[in-house]
Amino acid sequence: MAIRRILIANRGEIAARIIRTCRALHIETVLAVSEADRDSVPAALADRTVCIGPARASESYLNPAIIVQAALGTQADAVHPGYGFLSERPALAQLCEARGLVFIGPTAAQLEAVSDKVRARGEAQRAGIPVAAGATVAALDEAMAAAREIGTPLLVKAVGGGGGRGMKRVDRLEALPAAMELAAAEAQAGFGDPRVFLERFIPRARHVEVQVFGDGTGGVVHMGERDCSVQRRYQKLLEESPAPGLSEDCRRSLHEAAVRFCNRLSYRGAGTVEFLVDQQRDEFFFLEMNARIQVEHPVTEAVTGLDLIAEQIAIASGAGLSFAQSDIRFKGHAMECRVNAEDSANDFAPSPGLARTAIWPSGEGIRVDTHITSGSRVPPFYDSLLGKVIAHGPDRKTALQRLRAAIAAVRIVGVQTNLSFHSMLLADPEFQAGGVDTGYVERLLERRQNFAEVRRG
Amino acid sequence: MSLTAADVAEILRLVEGSSFDEFSLELDGLKLNFKRTADGLASSEPPAGAASPPTPIAPPIAAPTAAPLDAPAAVAAADPNVHSVHSPMLGTFYRAPKPGEPPYVAVGDVVEKDTIVGIIEVMKLMNTVRAEVGGTVAQILVADGAFVEYGEVLLRIVKPD
């Protein structure tokens, strides 16, 4: 069916991003806002806003019944969930299906299959994709036996978790009981599901993910990979495509594995299959699948020239995929910095408040996705993402140079940011060489700390 | 086709009661443009008076409806003796427990703090709305069966002096 009006069940930069594509497609937008977001930039950009509840997300953005009621009450024919919030909750997809609304995403059954990490691991294994040695554990004695077999270091992970939340690293077996208890408590609080499982920890691994699109009937294409190894406490800070220094053999195998995984599910819509790449052993392992649009999707848009939001909408409306794998061409290199309201000079402490001044860069190959302008409020209730600065160039060196200049040109006054971290990162020879692992940021910050202390001493 | 003065007045009333700031209409040989000025936005609540507009085949974004309910003299929202009852959630507002039954309250009724003044339906779940203060119902701003947002003013109650 043709989609004429979309209710956007999200906020921040992704809400503004979705509105931009809807406008180009002549689709009307209704933005669901909490009380804290009535005066946001996306609220001003949308054709209409509808206030869905108080600032607290559990009573607004996280309430599926309210979202569906808002869509029905404003006569929207589709719901775009963005990322985070309800985007991967089967409950919203189910309610939409039941009430005749198009959910712009996978089916509720597909969301269920991938949101349970143990089930997703099983799906990967059945698709012939390697997973890191691991075990589902219910009781502690069972866990001890399994942990001995897997060996340390290992990770205790939440079955219902994702994106690194509810995850504990165990270096010695004696530390396992305490880590399991903590992880289970966090998992219960964070996802309402205390189940945990164990997985071998792969040191010096890189985080590489593959962007996929499925038409829902078994047709699946990939749009290349993104390297997201620049992370701090499992939170991504910079992403790039293509992943530097990967062997063509490994790159191709990752793409094929991601397509195979989605093929089995007859996956519908946009998704990302995440892998850990062990460069030393030239191996890779399935990590998890994210069944939604990702924060870092502009990196893929830059190198493919595609509009991923438009493709999501086309698939949801039943138009299927408008291209075959062979139609997708990759051009140049792209890199994205996430600019957060986090004080990188003060252990990345969140810094909500009023952004009195916000000046974003422009220039050749530069794109900025943001919801912050001079005078915008950064409410303390939600994530701290202020905007994303994306640079594209014919090669990695050019993209990096452009991004460096662009980051240096950002001016944000009123809230503290992680811009100084990005400047340091982009100037670091190890990052410039390409191919850093997920432990790199921690080492970089430590190095900086020591350097500062030496100077002070 | 042409428009009579009454037609124009009716259109103006509909636009005024809507959430749109601008309106333009072109018929053969006729152009009609309205623009809301800062004065027109002085009140954040839509003025009572407009009937809900008919839904065309390709419906424009629906405006919050404000029907001419039992609304005699408008009460000043700023008056400290006037209590505005806000919708506690987004949903469908019903004035009566069931269709065809008399409404919970009408203008002029005396209410207690706990008196039920309406219900908000969210996905078949009924949530009662109470008066919150004792007093007399002075104005009901939302029509039965209308879609309301979180925080929208449903009715006003004048507290006793």
# chains A, B, ... in the order shown; residues from 1 in each chain; ligands from 1

call {"tool": "interface_residues", "arguments": {"of": "chain B", "to": "chain A", "cutoff": "8 Å", "atoms": "only C-alpha atoms", "output": "list in words"}}
result
Ile61, Ala62, Met89, Leu90, Gly91, Thr92, Val122, Met123, Phe147, Glu149, Tyr150 and Gly151 of chain B

call {"tool": "residues_around", "arguments": {"residues": "Ala319 in chain A", "least_positions_apart": "5", "cutoff": "9 Å", "atoms": "only C-alpha atoms", "output": "list of chain:residue names"}}
result
A:Met1, A:Ala2, A:Asp215, A:Ile313, A:Ala314

call {"tool": "write_last_selection", "arguments": {"atoms": "N, CA and C atoms", "output": "mmCIF file, in the first residue's frame"}}
result
data_model
loop_
_atom_site.group_PDB
_atom_site.id
_atom_site.type_symbol
_atom_site.label_atom_id
_atom_site.label_comp_id
_atom_site.auth_asym_id
_atom_site.auth_seq_id
_atom_site.Cartn_x
_atom_site.Cartn_y
_atom_site.Cartn_z
ATOM 1 N N MET A 1 0.837 -1.205 0.000
ATOM 2 C CA MET A 1 0.000 0.000 0.000
ATOM 3 C C MET A 1 0.871 1.253 0.000
ATOM 4 N N ALA A 2 0.348 2.279 -0.608
ATOM 5 C CA ALA A 2 1.116 3.535 -0.628
ATOM 6 C C ALA A 2 1.062 4.171 0.749
ATOM 7 N N ASP A 215 13.805 -8.057 1.380
ATOM 8 C CA ASP A 215 12.485 -7.682 0.856
ATOM 9 C C ASP A 215 11.352 -8.419 1.552
ATOM 10 N N ILE A 313 11.220 2.656 3.703
ATOM 11 C CA ILE A 313 9.822 2.998 3.440
ATOM 12 C C ILE A 313 9.306 2.218 2.222
ATOM 13 N N ALA A 314 10.160 2.092 1.197
ATOM 14 C CA ALA A 314 9.749 1.369 -0.018
ATOM 15 C C ALA A 314 9.433 -0.090 0.309
#

call {"tool": "select_by_dssp", "arguments": {"residues": "range 20-85 of chain A", "states": "helix (DSSP H, G or I)", "output": "PyMOL selection string"}}
result
chain A and resi 20-24+35-37+41-45+57-59+64-73

call {"tool": "write_last_selection", "arguments": {"atoms": "N, CA and C atoms", "output": "compact mmCIF listing (two decimals), in the first residue's frame"}}
result
# COMPACT_ATOMS: atom_id res chain seq x y z
N ARG A 20 13.33 14.43 6.80
CA ARG A 20 13.96 14.90 5.55
C ARG A 20 13.60 14.00 4.37
N THR A 21 13.70 12.69 4.56
CA THR A 21 13.38 11.78 3.47
C THR A 21 11.88 11.79 3.16
N CYS A 22 11.05 11.86 4.20
CA CYS A 22 9.60 11.90 3.97
C CYS A 22 9.23 13.11 3.12
N ARG A 23 9.85 14.23 3.42
CA ARG A 23 9.56 15.44 2.65
C ARG A 23 9.91 15.22 1.18
N ALA A 24 11.06 14.61 0.93
CA ALA A 24 11.49 14.35 -0.46
C ALA A 24 10.52 13.40 -1.16
N GLU A 35 6.68 15.68 26.50
CA GLU A 35 6.57 17.06 26.94
C GLU A 35 7.91 17.80 26.84
N ALA A 36 9.01 17.06 27.00
CA ALA A 36 10.33 17.70 26.97
C ALA A 36 10.78 18.06 25.56
N ASP A 37 10.10 17.51 24.56
CA ASP A 37 10.54 17.70 23.18
C ASP A 37 9.60 18.55 22.33
N VAL A 41 13.93 20.81 17.44
CA VAL A 41 14.06 21.08 16.00
C VAL A 41 13.19 20.12 15.17
N PRO A 42 13.24 18.81 15.42
CA PRO A 42 12.36 17.94 14.64
C PRO A 42 10.88 18.29 14.81
N ALA A 43 10.48 18.77 15.99
CA ALA A 43 9.07 19.16 16.20
C ALA A 43 8.71 20.31 15.26
N ALA A 44 9.68 21.22 15.05
CA ALA A 44 9.43 22.34 14.15
C ALA A 44 9.42 21.88 12.69
N LEU A 45 10.16 20.83 12.38
CA LEU A 45 10.26 20.36 11.00
C LEU A 45 9.08 19.49 10.58
N ALA A 57 10.71 8.57 29.47
CA ALA A 57 10.50 7.75 28.28
C ALA A 57 9.55 6.59 28.51
N SER A 58 9.56 6.01 29.72
CA SER A 58 8.70 4.85 29.96
C SER A 58 7.22 5.22 29.83
N GLU A 59 6.91 6.51 30.00
CA GLU A 59 5.51 6.93 29.88
C GLU A 59 5.23 7.61 28.55
N PRO A 64 4.17 1.25 23.85
CA PRO A 64 3.66 0.86 22.53
C PRO A 64 2.19 1.22 22.31
N ALA A 65 1.36 1.08 23.35
CA ALA A 65 -0.08 1.36 23.19
C ALA A 65 -0.30 2.83 22.86
N ILE A 66 0.44 3.70 23.54
CA ILE A 66 0.30 5.14 23.29
C ILE A 66 0.76 5.49 21.87
N ILE A 67 1.84 4.87 21.44
CA ILE A 67 2.37 5.15 20.09
C ILE A 67 1.33 4.75 19.03
N VAL A 68 0.76 3.56 19.20
CA VAL A 68 -0.22 3.08 18.21
C VAL A 68 -1.47 3.95 18.25
N GLN A 69 -1.89 4.32 19.46
CA GLN A 69 -3.06 5.20 19.60
C GLN A 69 -2.79 6.55 18.91
N ALA A 70 -1.58 7.05 19.07
CA ALA A 70 -1.22 8.33 18.44
C ALA A 70 -1.27 8.22 16.92
N ALA A 71 -0.81 7.09 16.40
CA ALA A 71 -0.82 6.88 14.94
C ALA A 71 -2.25 6.79 14.44
N LEU A 72 -3.11 6.06 15.18
CA LEU A 72 -4.51 5.91 14.77
C LEU A 72 -5.23 7.25 14.88
N GLY A 73 -4.97 7.97 15.96
CA GLY A 73 -5.65 9.24 16.20
C GLY A 73 -5.29 10.32 15.20

call {"tool": "residues_around", "arguments": {"residues": "Asp114 in chain B", "least_positions_apart": "6", "cutoff": "12 Å", "atoms": "only C-alpha atoms", "output": "list of chain:residue names"}}
result
B:Thr128, B:Val129, B:Arg130, B:Ala131, B:Glu132, B:Val133, B:Gly134, B:Gly135

call {"tool": "write_last_selection", "arguments": {"atoms": "C-alpha atoms", "output": "PDB file, in the first residue's frame"}}
result
ATOM      1  CA  THR B 128     -10.995   7.729  34.288  1.00  0.00           C
ATOM      2  CA  VAL B 129     -10.397  11.450  34.525  1.00  0.00           C
ATOM      3  CA  ARG B 130     -11.386  13.175  37.739  1.00  0.00           C
ATOM      4  CA  ALA B 131     -12.208  16.786  38.509  1.00  0.00           C
ATOM      5  CA  GLU B 132      -9.180  17.226  40.801  1.00  0.00           C
ATOM      6  CA  VAL B 133     -10.902  20.164  42.564  1.00  0.00           C
ATOM      7  CA  GLY B 134     -14.362  20.917  43.907  1.00  0.00           C
ATOM      8  CA  GLY B 135     -16.382  23.541  42.025  1.00  0.00           C
TER       9      GLY B 135
END

call {"tool": "residues_around", "arguments": {"residues": "range 258-271 of chain A", "least_positions_apart": "2", "cutoff": "8 Å", "atoms": "only C-alpha atoms", "output": "ChimeraX atom specification"}}
result
/A:104-107,110,123-124,127,129,210-222,254-256,273,289-293,308,312,315-316

call {"tool": "residues_around", "arguments": {"residues": "Leu306 in chain A", "least_positions_apart": "6", "cutoff": "12 Å", "atoms": "only C-alpha atoms", "output": "list in words"}}
result
Thr21, Phe213, Met223, His297, Pro298, Val299, Thr300, Gln312, Ser322, Phe323, Asp327, Ile328, Arg329, Phe330 and Lys331 of chain A

call {"tool": "residues_around", "arguments": {"residues": "range 82-87 of chain B", "least_positions_apart": "5", "cutoff": "6 Å", "atoms": "only C-alpha atoms", "output": "list in words"}}
result
Tyr150, Gly151, Glu152, Val153, Leu154, Leu155, Arg156, Ile157 and Val158 of chain B

call {"tool": "residues_around", "arguments": {"residues": "range 101-109 of chain B", "least_positions_apart": "2", "cutoff": "9 Å", "atoms": "only C-alpha atoms", "output": "PDB file with C-alpha atoms, in the first residue's frame"}}
result
ATOM      1  CA  LEU B  69     -20.151  22.193  23.539  1.00  0.00           C
ATOM      2  CA  ASP B  70     -22.174  23.656  26.276  1.00  0.00           C
ATOM      3  CA  ALA B  71     -19.937  26.695  26.348  1.00  0.00           C
ATOM      4  CA  PRO B  72     -21.635  29.813  27.518  1.00  0.00           C
ATOM      5  CA  TYR B  94     -15.426  10.161  26.130  1.00  0.00           C
ATOM      6  CA  ARG B  95     -17.868  12.235  28.110  1.00  0.00           C
ATOM      7  CA  ALA B  96     -20.165   9.345  28.950  1.00  0.00           C
ATOM      8  CA  PRO B  97     -19.580   5.818  30.269  1.00  0.00           C
ATOM      9  CA  LYS B  98     -21.229   4.296  27.188  1.00  0.00           C
ATOM     10  CA  PRO B  99     -22.604   5.627  23.911  1.00  0.00           C
ATOM     11  CA  VAL B 111     -18.344  18.516  41.171  1.00  0.00           C
ATOM     12  CA  THR B 115     -15.993  13.241  40.589  1.00  0.00           C
ATOM     13  CA  ILE B 116     -15.386  11.432  37.302  1.00  0.00           C
ATOM     14  CA  VAL B 117     -15.614  13.944  34.471  1.00  0.00           C
ATOM     15  CA  GLY B 118     -14.753  11.697  31.543  1.00  0.00           C
ATOM     16  CA  GLY B 135     -16.382  23.541  42.025  1.00  0.00           C
ATOM     17  CA  THR B 136     -18.675  24.156  39.102  1.00  0.00           C
ATOM     18  CA  VAL B 137     -18.039  22.935  35.574  1.00  0.00           C
ATOM     19  CA  ALA B 138     -17.688  26.106  33.509  1.00  0.00           C
ATOM     20  CA  GLN B 139     -16.539  24.861  30.144  1.00  0.00           C
ATOM     21  CA  ILE B 140     -15.993  21.609  28.294  1.00  0.00           C
TER      22      ILE B 140
END

call {"tool": "select_by_dssp", "arguments": {"residues": "range 179-370 of chain A", "states": "strand (DSSP E or B)", "output": "PyMOL selection string"}}
result
chain A and resi 196-200+205-215+220-232+235-241+268-278+283-290+333-340+342-343+349-350+353-355+357-359+366-370

call {"tool": "atom_distance", "arguments": {"atom1": "CA of Glu336 in chain A", "atom2": "CA of Leu403 in chain A"}}
result
7.8 Å

call {"tool": "decode", "arguments": {"residues": "range 100-121 of chain B", "atoms": "N, CA and C atoms", "output": "PDB file, in the first residue's frame"}}
result
ATOM      1  N   GLY B 100     -24.695   6.824  24.132  1.00  0.00           N
ATOM      2  CA  GLY B 100     -26.133   6.962  24.389  1.00  0.00           C
ATOM      3  C   GLY B 100     -26.468   7.283  25.826  1.00  0.00           C
ATOM      4  N   GLU B 101     -25.513   7.048  26.711  1.00  0.00           N
ATOM      5  CA  GLU B 101     -25.780   7.360  28.114  1.00  0.00           C
ATOM      6  C   GLU B 101     -25.517   8.840  28.402  1.00  0.00           C
ATOM      7  N   PRO B 102     -26.123   9.367  29.455  1.00  0.00           N
ATOM      8  CA  PRO B 102     -25.886  10.780  29.763  1.00  0.00           C
ATOM      9  C   PRO B 102     -24.426  11.006  30.146  1.00  0.00           C
ATOM     10  N   PRO B 103     -23.932  12.187  29.833  1.00  0.00           N
ATOM     11  CA  PRO B 103     -22.524  12.465  30.140  1.00  0.00           C
ATOM     12  C   PRO B 103     -22.259  12.492  31.639  1.00  0.00           C
ATOM     13  N   TYR B 104     -21.005  12.229  31.993  1.00  0.00           N
ATOM     14  CA  TYR B 104     -20.604  12.279  33.398  1.00  0.00           C
ATOM     15  C   TYR B 104     -20.940  13.647  33.992  1.00  0.00           C
ATOM     16  N   VAL B 105     -20.561  14.694  33.267  1.00  0.00           N
ATOM     17  CA  VAL B 105     -20.839  16.044  33.758  1.00  0.00           C
ATOM     18  C   VAL B 105     -21.232  16.947  32.594  1.00  0.00           C
ATOM     19  N   ALA B 106     -21.962  18.008  32.934  1.00  0.00           N
ATOM     20  CA  ALA B 106     -22.322  19.021  31.946  1.00  0.00           C
ATOM     21  C   ALA B 106     -21.982  20.378  32.555  1.00  0.00           C
ATOM     22  N   VAL B 107     -21.967  21.390  31.723  1.00  0.00           N
ATOM     23  CA  VAL B 107     -21.674  22.733  32.213  1.00  0.00           C
ATOM     24  C   VAL B 107     -22.716  23.124  33.262  1.00  0.00           C
ATOM     25  N   GLY B 108     -22.244  23.648  34.367  1.00  0.00           N
ATOM     26  CA  GLY B 108     -23.138  24.045  35.450  1.00  0.00           C
ATOM     27  C   GLY B 108     -23.191  23.033  36.570  1.00  0.00           C
ATOM     28  N   ASP B 109     -22.722  21.807  36.306  1.00  0.00           N
ATOM     29  CA  ASP B 109     -22.742  20.786  37.353  1.00  0.00           C
ATOM     30  C   ASP B 109     -21.743  21.125  38.458  1.00  0.00           C
ATOM     31  N   VAL B 110     -22.145  20.784  39.665  1.00  0.00           N
ATOM     32  CA  VAL B 110     -21.230  20.964  40.794  1.00  0.00           C
ATOM     33  C   VAL B 110     -20.476  19.648  40.976  1.00  0.00           C
ATOM     34  N   VAL B 111     -19.162  19.730  41.047  1.00  0.00           N
ATOM     35  CA  VAL B 111     -18.344  18.516  41.171  1.00  0.00           C
ATOM     36  C   VAL B 111     -17.485  18.556  42.418  1.00  0.00           C
ATOM     37  N   GLU B 112     -17.133  17.339  42.874  1.00  0.00           N
ATOM     38  CA  GLU B 112     -16.190  17.186  43.975  1.00  0.00           C
ATOM     39  C   GLU B 112     -14.843  16.853  43.352  1.00  0.00           C
ATOM     40  N   LYS B 113     -13.835  16.837  44.214  1.00  0.00           N
ATOM     41  CA  LYS B 113     -12.486  16.508  43.779  1.00  0.00           C
ATOM     42  C   LYS B 113     -12.432  15.156  43.045  1.00  0.00           C
ATOM     43  N   ASP B 114     -13.183  14.166  43.560  1.00  0.00           N
ATOM     44  CA  ASP B 114     -13.106  12.808  43.013  1.00  0.00           C
ATOM     45  C   ASP B 114     -14.131  12.514  41.931  1.00  0.00           C
ATOM     46  N   THR B 115     -14.960  13.484  41.597  1.00  0.00           N
ATOM     47  CA  THR B 115     -15.993  13.241  40.589  1.00  0.00           C
ATOM     48  C   THR B 115     -15.358  12.885  39.243  1.00  0.00           C
ATOM     49  N   ILE B 116     -15.884  11.809  38.632  1.00  0.00           N
ATOM     50  CA  ILE B 116     -15.386  11.432  37.302  1.00  0.00           C
ATOM     51  C   ILE B 116     -15.987  12.401  36.289  1.00  0.00           C
ATOM     52  N   VAL B 117     -15.118  12.980  35.467  1.00  0.00           N
ATOM     53  CA  VAL B 117     -15.614  13.944  34.471  1.00  0.00           C
ATOM     54  C   VAL B 117     -15.523  13.399  33.045  1.00  0.00           C
ATOM     55  N   GLY B 118     -14.868  12.282  32.881  1.00  0.00           N
ATOM     56  CA  GLY B 118     -14.753  11.697  31.543  1.00  0.00           C
ATOM     57  C   GLY B 118     -13.814  10.508  31.571  1.00  0.00           C
ATOM     58  N   ILE B 119     -13.681   9.869  30.413  1.00  0.00           N
ATOM     59  CA  ILE B 119     -12.710   8.772  30.325  1.00  0.00           C
ATOM     60  C   ILE B 119     -11.836   8.966  29.096  1.00  0.00           C
ATOM     61  N   ILE B 120     -10.615   8.450  29.212  1.00  0.00           N
ATOM     62  CA  ILE B 120      -9.690   8.465  28.076  1.00  0.00           C
ATOM     63  C   ILE B 120      -9.421   7.012  27.717  1.00  0.00           C
ATOM     64  N   GLU B 121      -9.701   6.685  26.470  1.00  0.00           N
ATOM     65  CA  GLU B 121      -9.454   5.319  26.015  1.00  0.00           C
ATOM     66  C   GLU B 121      -8.126   5.244  25.281  1.00  0.00           C
TER      67      GLU B 121
END
